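**Q** Below you'll find the structure I mean.
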2 protein chains.
Amino acid sequence: MLAQSGHRSGQARRALLELLDSQTCALSAVEIEHELREGNRPVGRASIYRILDELERLHLVQKVQVGQDMARYEPTRAGDGHHHHLVCDNCGTITPFTDAGLEDAILELSRRLPVRVAEHEIVLHGDCQSCAAG
Amino acid sequence: MLAQSGHRSGQARRALLELLDSQTCALSAVEIEHELREGNRPVGRASIYRILDELERLHLVQKVQVGQDMARYEPTRAGDGHHHHLVCDNCGTITPFTDAGLEDAILELSRRLPVRVAEHEIVLHGDCQSCAAG
DNA sequence: CTAGGTGCAAACTGTTTGCAACCCT
DNA sequence: AGGGTTGCAAACAGTTTGCACCTAG
(Lines give C-alpha, C1' and ligand atoms only; values in the text may rest on other atoms or scores of the structure.)
Protein backbone atom coordinates (compact mmCIF):
# COMPACT_ATOMS: atom_id res chain seq x y z
CA MET A 1 0.00 0.00 0.00
CA LEU A 2 2.19 2.71 -1.32
CA ALA A 3 0.19 5.74 -0.21
CA GLN A 4 3.58 7.35 0.25
CA SER A 5 2.71 10.05 -2.22
CA GLY A 6 3.59 12.56 0.40
CA HIS A 7 1.11 11.26 2.95
CA ARG A 8 1.33 9.85 6.45
CA SER A 9 -0.22 6.66 7.64
CA GLY A 10 -2.72 7.21 10.46
CA GLN A 11 -4.95 4.50 11.85
CA ALA A 12 -8.17 5.68 10.22
CA ARG A 13 -6.51 5.67 6.81
CA ARG A 14 -5.03 2.23 7.40
CA ALA A 15 -8.30 0.73 8.58
CA LEU A 16 -10.18 2.15 5.63
CA LEU A 17 -7.63 0.89 3.12
CA GLU A 18 -7.67 -2.58 4.60
CA LEU A 19 -11.44 -2.67 4.42
CA LEU A 20 -11.55 -1.48 0.83
CA ASP A 21 -8.93 -3.99 -0.17
CA SER A 22 -10.95 -6.86 1.23
CA GLN A 23 -14.07 -5.86 -0.66
CA THR A 24 -14.90 -7.00 -4.16
CA CYS A 25 -17.50 -4.39 -5.12
CA ALA A 26 -18.44 -0.80 -4.43
CA LEU A 27 -19.25 0.38 -0.92
CA SER A 28 -21.07 3.52 0.14
CA ALA A 29 -19.65 5.86 2.78
CA VAL A 30 -22.35 4.81 5.22
CA GLU A 31 -21.62 1.13 4.66
CA ILE A 32 -17.94 1.81 5.18
CA GLU A 33 -18.60 3.58 8.46
CA HIS A 34 -20.78 0.70 9.61
CA GLU A 35 -18.28 -1.97 8.59
CA LEU A 36 -15.45 -0.19 10.35
CA ARG A 37 -17.49 0.14 13.51
CA GLU A 38 -18.31 -3.57 13.38
CA GLY A 39 -14.64 -4.40 13.00
CA ASN A 40 -13.77 -2.42 16.11
CA ARG A 41 -12.01 0.28 14.07
CA PRO A 42 -14.51 3.13 14.37
CA VAL A 43 -13.67 6.07 12.11
CA GLY A 44 -15.45 9.39 12.10
CA ARG A 45 -17.77 10.18 9.22
CA ALA A 46 -15.74 13.23 8.29
CA SER A 47 -12.51 11.28 8.11
CA ILE A 48 -14.10 8.68 5.89
CA TYR A 49 -15.18 11.28 3.37
CA ARG A 50 -11.87 13.10 3.58
CA ILE A 51 -9.84 9.94 3.08
CA LEU A 52 -12.02 8.73 0.22
CA ASP A 53 -11.69 12.11 -1.42
CA GLU A 54 -7.94 11.95 -1.11
CA LEU A 55 -7.77 8.40 -2.43
CA GLU A 56 -9.89 9.42 -5.37
CA ARG A 57 -7.50 12.24 -6.23
CA LEU A 58 -4.65 9.72 -6.12
CA HIS A 59 -6.72 7.45 -8.40
CA LEU A 60 -6.58 4.66 -5.83
CA VAL A 61 -10.35 4.48 -5.56
CA GLN A 62 -13.09 5.43 -7.99
CA LYS A 63 -16.32 7.10 -7.01
CA VAL A 64 -19.22 5.52 -8.85
CA GLN A 65 -22.72 6.93 -8.96
CA VAL A 66 -24.60 3.68 -9.37
CA GLY A 67 -28.23 3.71 -8.34
CA GLN A 68 -29.90 7.01 -7.64
CA ASP A 69 -29.07 7.75 -4.05
CA MET A 70 -25.65 7.84 -2.44
CA ALA A 71 -22.20 7.63 -3.98
CA ARG A 72 -20.19 4.41 -3.80
CA TYR A 73 -16.47 3.90 -3.79
CA GLU A 74 -14.30 1.02 -4.93
CA PRO A 75 -10.57 0.44 -5.31
CA THR A 76 -9.19 0.79 -8.83
CA ARG A 77 -7.39 -2.48 -9.22
CA ALA A 78 -4.97 -3.00 -12.08
CA GLY A 79 -7.41 -4.39 -14.62
CA ASP A 80 -8.39 -7.80 -13.38
CA GLY A 81 -10.73 -6.03 -11.03
CA HIS A 82 -12.25 -3.75 -13.63
CA HIS A 83 -15.97 -4.23 -13.87
CA HIS A 84 -19.29 -2.44 -14.20
CA HIS A 85 -22.61 -2.56 -12.43
CA LEU A 86 -26.09 -3.83 -12.96
CA VAL A 87 -28.57 -2.27 -10.59
CA CYS A 88 -31.96 -3.84 -9.99
CA ASP A 89 -34.60 -1.13 -10.21
CA ASN A 90 -36.86 -3.30 -8.11
CA CYS A 91 -34.83 -4.26 -5.06
CA GLY A 92 -31.76 -2.04 -5.44
CA THR A 93 -29.28 -4.91 -5.49
CA ILE A 94 -26.02 -4.15 -7.25
CA THR A 95 -24.32 -6.87 -9.29
CA PRO A 96 -20.89 -6.49 -10.88
CA PHE A 97 -20.18 -7.80 -14.37
CA THR A 98 -17.49 -7.64 -17.03
CA ASP A 99 -17.65 -7.69 -20.81
CA ALA A 100 -14.75 -7.64 -23.21
CA GLY A 101 -16.84 -6.50 -26.16
CA LEU A 102 -17.95 -3.48 -24.22
CA GLU A 103 -14.41 -2.59 -23.27
CA ASP A 104 -13.28 -2.88 -26.88
CA ALA A 105 -16.10 -0.63 -28.02
CA ILE A 106 -15.17 1.97 -25.44
CA LEU A 107 -11.51 1.81 -26.34
CA GLU A 108 -12.30 2.39 -29.98
CA LEU A 109 -14.73 5.14 -29.15
CA SER A 110 -12.13 6.87 -27.00
CA ARG A 111 -9.86 7.08 -30.00
CA ARG A 112 -12.60 8.61 -32.11
CA LEU A 113 -13.53 11.32 -29.61
CA PRO A 114 -11.57 14.57 -29.61
CA VAL A 115 -10.99 14.33 -25.86
CA ARG A 116 -8.81 12.43 -23.45
CA VAL A 117 -10.99 9.76 -21.83
CA ALA A 118 -9.61 8.73 -18.47
CA GLU A 119 -12.29 6.58 -16.91
CA HIS A 120 -15.61 5.13 -17.89
CA GLU A 121 -18.57 3.95 -15.95
CA ILE A 122 -21.40 1.79 -17.21
CA VAL A 123 -24.60 1.16 -15.33
CA LEU A 124 -27.28 -1.20 -16.56
CA HIS A 125 -30.76 -0.94 -15.12
CA GLY A 126 -33.22 -3.78 -15.04
CA ASP A 127 -34.56 -6.60 -12.92
CA CYS A 128 -32.15 -8.86 -11.11
CA GLN A 129 -32.48 -12.62 -11.25
CA SER A 130 -34.53 -13.02 -8.09
CA CYS A 131 -36.87 -10.17 -8.92
CA ALA A 132 -37.40 -11.33 -12.51
CA ALA A 133 -38.21 -14.82 -11.25
CA GLY A 134 -40.64 -13.77 -8.55
CA MET B 1 -47.88 14.74 -25.21
CA LEU B 2 -49.92 11.76 -24.20
CA ALA B 3 -49.52 11.94 -20.45
CA GLN B 4 -53.09 10.70 -20.39
CA SER B 5 -52.07 7.61 -18.46
CA GLY B 6 -54.63 8.50 -15.88
CA HIS B 7 -53.21 11.91 -15.13
CA ARG B 8 -54.47 15.45 -15.31
CA SER B 9 -52.79 18.33 -17.03
CA GLY B 10 -52.00 21.20 -14.63
CA GLN B 11 -49.93 24.20 -15.58
CA ALA B 12 -46.79 23.16 -13.75
CA ARG B 13 -46.77 19.83 -15.52
CA ARG B 14 -47.37 21.44 -18.88
CA ALA B 15 -44.65 24.03 -18.42
CA LEU B 16 -42.14 21.40 -17.34
CA LEU B 17 -42.94 19.10 -20.25
CA GLU B 18 -42.59 21.93 -22.73
CA LEU B 19 -39.24 22.88 -21.29
CA LEU B 20 -37.93 19.32 -21.33
CA ASP B 21 -39.08 18.85 -24.89
CA SER B 22 -37.15 21.88 -26.04
CA GLN B 23 -33.92 20.69 -24.45
CA THR B 24 -31.42 18.43 -26.13
CA CYS B 25 -29.47 17.20 -23.11
CA ALA B 26 -29.95 16.46 -19.44
CA LEU B 27 -31.06 19.16 -17.01
CA SER B 28 -30.81 19.18 -13.25
CA ALA B 29 -33.79 20.00 -11.04
CA VAL B 30 -32.20 23.29 -10.05
CA GLU B 31 -31.60 24.24 -13.66
CA ILE B 32 -35.18 23.36 -14.48
CA GLU B 33 -36.48 25.55 -11.67
CA HIS B 34 -34.31 28.42 -12.87
CA GLU B 35 -35.31 28.03 -16.51
CA LEU B 36 -38.99 27.95 -15.65
CA ARG B 37 -38.68 31.07 -13.52
CA GLU B 38 -36.92 32.84 -16.39
CA GLY B 39 -39.70 31.85 -18.76
CA ASN B 40 -42.30 33.35 -16.46
CA ARG B 41 -43.67 29.94 -15.53
CA PRO B 42 -42.40 29.61 -11.96
CA VAL B 43 -42.96 26.14 -10.51
CA GLY B 44 -42.31 25.12 -6.92
CA ARG B 45 -39.29 22.97 -6.18
CA ALA B 46 -41.47 20.25 -4.72
CA SER B 47 -43.67 20.08 -7.79
CA ILE B 48 -40.65 19.79 -10.04
CA TYR B 49 -39.35 16.79 -8.15
CA ARG B 50 -42.79 15.24 -7.92
CA ILE B 51 -43.47 15.66 -11.62
CA LEU B 52 -40.04 14.38 -12.63
CA ASP B 53 -40.55 11.38 -10.39
CA GLU B 54 -43.88 10.68 -12.01
CA LEU B 55 -42.51 11.09 -15.52
CA GLU B 56 -39.71 8.72 -14.67
CA ARG B 57 -42.16 6.07 -13.54
CA LEU B 58 -43.98 6.50 -16.85
CA HIS B 59 -40.63 6.14 -18.63
CA LEU B 60 -41.06 9.53 -20.26
CA VAL B 61 -37.88 10.89 -18.74
CA GLN B 62 -34.74 9.17 -17.52
CA LYS B 63 -32.84 10.15 -14.41
CA VAL B 64 -29.12 10.10 -15.08
CA GLN B 65 -26.45 10.34 -12.41
CA VAL B 66 -23.78 11.96 -14.50
CA GLY B 67 -21.13 13.85 -12.59
CA GLN B 68 -20.90 13.44 -8.86
CA ASP B 69 -23.35 15.93 -7.47
CA MET B 70 -26.99 16.31 -8.39
CA ALA B 71 -29.22 14.16 -10.53
CA ARG B 72 -30.13 15.17 -14.06
CA TYR B 73 -33.19 14.36 -16.10
CA GLU B 74 -33.79 14.08 -19.80
CA PRO B 75 -36.67 12.98 -22.01
CA THR B 76 -36.46 9.43 -23.37
CA ARG B 77 -36.97 10.06 -27.05
CA ALA B 78 -37.70 7.19 -29.39
CA GLY B 79 -34.13 6.31 -30.31
CA ASP B 80 -32.87 9.17 -32.38
CA GLY B 81 -32.33 11.03 -29.17
CA HIS B 82 -30.56 8.22 -27.39
CA HIS B 83 -27.10 9.26 -26.27
CA HIS B 84 -24.61 9.11 -23.42
CA HIS B 85 -22.47 11.59 -21.56
CA LEU B 86 -18.87 12.66 -21.30
CA VAL B 87 -18.20 14.65 -18.18
CA CYS B 88 -15.11 16.80 -17.87
CA ASP B 89 -13.49 16.12 -14.51
CA ASN B 90 -11.85 19.52 -14.72
CA CYS B 91 -14.64 21.99 -15.45
CA GLY B 92 -17.73 19.82 -15.03
CA THR B 93 -19.03 20.37 -18.53
CA ILE B 94 -21.29 17.64 -19.84
CA THR B 95 -21.14 16.67 -23.52
CA PRO B 96 -23.51 14.20 -25.17
CA PHE B 97 -22.27 11.62 -27.65
CA THR B 98 -23.52 8.54 -29.49
CA ASP B 99 -21.75 5.41 -30.63
CA ALA B 100 -23.25 2.54 -32.58
CA GLY B 101 -20.51 0.09 -31.63
CA LEU B 102 -21.21 0.70 -27.99
CA GLU B 103 -24.92 0.14 -28.44
CA ASP B 104 -24.26 -3.11 -30.28
CA ALA B 105 -21.96 -4.31 -27.53
CA ILE B 106 -24.58 -3.55 -24.92
CA LEU B 107 -27.30 -5.26 -26.91
CA GLU B 108 -25.22 -8.39 -27.22
CA LEU B 109 -24.24 -8.26 -23.57
CA SER B 110 -27.88 -7.93 -22.55
CA ARG B 111 -28.61 -11.20 -24.27
CA ARG B 112 -25.77 -12.92 -22.45
CA LEU B 113 -26.79 -11.76 -18.97
CA PRO B 114 -29.37 -13.77 -17.05
CA VAL B 115 -31.40 -10.64 -16.36
CA ARG B 116 -33.79 -8.35 -18.15
CA VAL B 117 -31.87 -5.17 -18.97
CA ALA B 118 -34.22 -2.22 -19.39
CA GLU B 119 -31.97 0.80 -19.57
CA HIS B 120 -28.30 1.56 -19.69
CA GLU B 121 -26.24 4.56 -18.84
CA ILE B 122 -22.68 5.22 -19.85
CA VAL B 123 -20.55 8.00 -18.44
CA LEU B 124 -17.07 8.75 -19.67
CA HIS B 125 -14.76 10.83 -17.51
CA GLY B 126 -11.88 12.85 -18.85
CA ASP B 127 -10.86 16.29 -20.00
CA CYS B 128 -13.08 18.18 -22.38
CA GLN B 129 -11.70 19.84 -25.50
CA SER B 130 -11.17 23.26 -23.97
CA CYS B 131 -9.59 21.91 -20.80
CA ALA B 132 -7.29 19.54 -22.67
CA ALA B 133 -6.15 22.40 -24.89
CA GLY B 134 -5.52 24.89 -22.11
C1' DC C 1 8.45 19.09 18.41
C1' DT C 2 5.12 20.04 14.68
C1' DA C 3 2.75 19.41 10.39
C1' DG C 4 -0.52 16.56 9.05
C1' DG C 5 -4.45 13.40 10.61
C1' DT C 6 -8.67 12.65 13.25
C1' DG C 7 -13.25 13.22 15.63
C1' DC C 8 -17.12 15.82 16.87
C1' DA C 9 -20.80 18.70 15.89
C1' DA C 10 -22.65 22.19 13.27
C1' DA C 11 -23.46 23.91 8.57
C1' DC C 12 -24.84 22.93 3.70
C1' DT C 13 -27.32 21.20 -0.24
C1' DG C 14 -30.15 18.43 -2.92
C1' DT C 15 -34.36 15.96 -2.24
C1' DT C 16 -38.75 14.56 0.13
C1' DT C 17 -42.92 15.16 2.81
C1' DG C 18 -47.10 17.36 5.38
C1' DC C 19 -50.58 20.13 4.69
C1' DA C 20 -53.73 23.71 3.10
C1' DA C 21 -55.15 26.05 -0.97
C1' DC C 22 -56.07 25.45 -5.84
C1' DC C 23 -57.79 24.21 -10.37
C1' DC C 24 -58.74 20.88 -14.06
C1' DT C 25 -62.58 17.99 -15.40
C1' DA D 1 -68.22 19.46 -6.43
C1' DG D 2 -64.17 16.64 -5.75
C1' DG D 3 -59.97 14.58 -6.14
C1' DG D 4 -55.72 15.05 -8.26
C1' DT D 5 -52.24 19.00 -8.38
C1' DT D 6 -49.50 22.71 -6.61
C1' DG D 7 -46.73 25.71 -3.41
C1' DC D 8 -44.75 26.69 0.83
C1' DA D 9 -42.04 25.52 4.57
C1' DA D 10 -40.28 22.23 7.45
C1' DA D 11 -38.04 17.72 7.66
C1' DC D 12 -34.38 14.58 5.86
C1' DA D 13 -30.05 12.35 4.35
C1' DG D 14 -25.73 12.46 2.56
C1' DT D 15 -21.80 15.25 2.44
C1' DT D 16 -18.68 19.08 3.85
C1' DT D 17 -16.45 22.30 6.99
C1' DG D 18 -14.56 24.57 11.38
C1' DC D 19 -12.02 23.75 15.02
C1' DA D 20 -9.62 21.64 18.91
C1' DC D 21 -7.00 17.54 19.97
C1' DC D 22 -3.89 13.99 18.87
C1' DT D 23 -0.30 11.27 16.73
C1' DA D 24 3.18 9.76 13.46
C1' DG D 25 7.74 10.90 11.91
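Residues in the C-alpha coordinates are numbered from 1 in each chain, the chains being A, B, ... in the order shown, and ligands are numbered from 1 in the order shown.
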Counting only C-alpha atoms, which residues of chain B sit at most 7 Å from some atom of chain A, and what is each one's closest atom pair with its distance in Å to one decimal, listed by chain and rising residue number, as JSON lines?
**A**
{"residue": "B:Gln65", "atom": "CA", "partner": "A:Gln65", "partner_atom": "CA", "distance": 6.1}
{"residue": "B:Gln68", "atom": "CA", "partner": "A:Gln65", "partner_atom": "CA", "distance": 6.8}
{"residue": "B:Gly101", "atom": "CA", "partner": "A:Ala105", "partner_atom": "CA", "distance": 5.7}
{"residue": "B:Leu102", "atom": "CA", "partner": "A:Ala105", "partner_atom": "CA", "distance": 5.3}
{"residue": "B:Ala105", "atom": "CA", "partner": "A:Leu102", "partner_atom": "CA", "distance": 5.3}
{"residue": "B:Ile106", "atom": "CA", "partner": "A:Leu102", "partner_atom": "CA", "distance": 6.7}
{"residue": "B:Pro114", "atom": "CA", "partner": "A:Gln129", "partner_atom": "CA", "distance": 6.7}
{"residue": "B:Val115", "atom": "CA", "partner": "A:Gln129", "partner_atom": "CA", "distance": 5.6}
{"residue": "B:Arg116", "atom": "CA", "partner": "A:Gly126", "partner_atom": "CA", "distance": 5.6}
{"residue": "B:Val117", "atom": "CA", "partner": "A:Gly126", "partner_atom": "CA", "distance": 4.4}
{"residue": "B:Ala118", "atom": "CA", "partner": "A:Gly126", "partner_atom": "CA", "distance": 4.7}
{"residue": "B:Glu119", "atom": "CA", "partner": "A:His125", "partner_atom": "CA", "distance": 4.9}
{"residue": "B:His120", "atom": "CA", "partner": "A:Leu124", "partner_atom": "CA", "distance": 4.3}
{"residue": "B:Glu121", "atom": "CA", "partner": "A:Val123", "partner_atom": "CA", "distance": 5.2}
{"residue": "B:Ile122", "atom": "CA", "partner": "A:Ile122", "partner_atom": "CA", "distance": 4.5}
{"residue": "B:Val123", "atom": "CA", "partner": "A:Glu121", "partner_atom": "CA", "distance": 5.2}
{"residue": "B:Leu124", "atom": "CA", "partner": "A:His120", "partner_atom": "CA", "distance": 4.3}
{"residue": "B:His125", "atom": "CA", "partner": "A:Glu119", "partner_atom": "CA", "distance": 4.9}
{"residue": "B:Gly126", "atom": "CA", "partner": "A:Val117", "partner_atom": "CA", "distance": 4.4}
{"residue": "B:Asp127", "atom": "CA", "partner": "A:Arg116", "partner_atom": "CA", "distance": 5.6}
{"residue": "B:Cys128", "atom": "CA", "partner": "A:Val115", "partner_atom": "CA", "distance": 5.6}
{"residue": "B:Gln129", "atom": "CA", "partner": "A:Val115", "partner_atom": "CA", "distance": 5.6}
**Q** Pull out every residue of chain D sitting within 7 Å of chain B, counting only C-alpha atoms (C1' of nucleotides), and send them as a list in words.
**A**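 Therefore, the residues near the partner are DT5, DT6 and DG7 of chain D.
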**Q** Produce a file of the selected residues containing N, CA and C atoms (P, O5', C5', C4', C3', O3' and C1' of nucleotides), as a short mmCIF file (atom, residue, chain, number, x, y, z; two decimals), in the first residue's frame.
**A**
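Printed below is result.cif as written:
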data_model
loop_
_atom_site.label_atom_id
_atom_site.label_comp_id
_atom_site.auth_asym_id
_atom_site.auth_seq_id
_atom_site.Cartn_x
_atom_site.Cartn_y
_atom_site.Cartn_z
P DT D 5 -52.67 14.31 -10.69
"O5'" DT D 5 -52.62 15.82 -10.18
"C5'" DT D 5 -53.19 16.85 -10.99
"C4'" DT D 5 -52.71 18.22 -10.53
"C3'" DT D 5 -51.20 18.35 -10.39
"O3'" DT D 5 -50.84 19.60 -10.98
"C1'" DT D 5 -52.24 19.00 -8.38
P DT D 6 -49.33 19.95 -11.23
"O5'" DT D 6 -49.10 21.06 -10.11
"C5'" DT D 6 -49.90 22.24 -10.13
"C4'" DT D 6 -49.70 23.08 -8.89
"C3'" DT D 6 -48.24 23.35 -8.53
"O3'" DT D 6 -48.01 24.75 -8.58
"C1'" DT D 6 -49.50 22.71 -6.61
P DG D 7 -46.51 25.32 -8.51
"O5'" DG D 7 -46.49 25.86 -7.02
"C5'" DG D 7 -47.45 26.83 -6.63
"C4'" DG D 7 -47.28 27.17 -5.17
"C3'" DG D 7 -45.83 27.46 -4.76
"O3'" DG D 7 -45.83 28.64 -3.98
"C1'" DG D 7 -46.73 25.71 -3.41
#
**Q** Per DSSP on the backbone, what are the strand (DSSP E or B) residues of chain B, as an NGL selection string?
**A** :B and (27-28 or 61-64 or 72-75 or 84-88 or 94-97 or 116-127)
**Q** Please identify every residue of chain C that has at least one atom no farther than 7 Å from an atom of chain A, counting only C-alpha atoms (C1' of nucleotides), and for each give the shortest atom pair and the distance in Å to one decimal, arranged by chain then increasing number, as a Markdown table.
**A**
| residue | atom | partner | partner_atom | distance |
| --- | --- | --- | --- | --- |
| C:DG5 | C1' | A:Gly10 | CA | 6.4 |
| C:DT6 | C1' | A:Ser47 | CA | 6.6 |
| C:DG7 | C1' | A:Gly44 | CA | 5.7 |
**Q** Quick one: DSSP alpha helix (DSSP H) residues in stretch 28-57 of chain A, as a list in words?
**A**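 Residues meeting the alpha helix (DSSP H) criterion: Ala29, Val30, Glu31, Ile32, Glu33, His34, Glu35, Leu36, Arg37, Glu38, Arg45, Ala46, Ser47, Ile48, Tyr49, Arg50, Ile51, Leu52, Asp53, Glu54, Leu55, Glu56 and Arg57 of chain A.
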**Q** Give me, please, the distance in Å between atom C1' of C:DA10 and atom C1' of D:DA20, quoted to one decimal.
**A**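 Straight-line distance from atom C1' of C:DA10 to atom C1' of D:DA20 works out to 14.2 Å.
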**Q** Any idea what's packed within 10 Å of C:DG18, counting only C-alpha atoms (C1' of nucleotides), ignoring anything in its chain fewer than 2 positions away? Could you give it as a PyMOL selection string?
**A** (chain C and resi 20) or (chain D and resi 9-11)
**Q** Which distance in Å separates atom CA of A:Val30 and atom CA of A:Glu74, to one decimal?
**A**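 These atoms are spaced 13.5 Å apart.
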**Q** Do you have the atom CA of A:Ser22-atom CA of A:Gly92 distance handy?
**A**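 These two atoms are separated by 22.4 Å.
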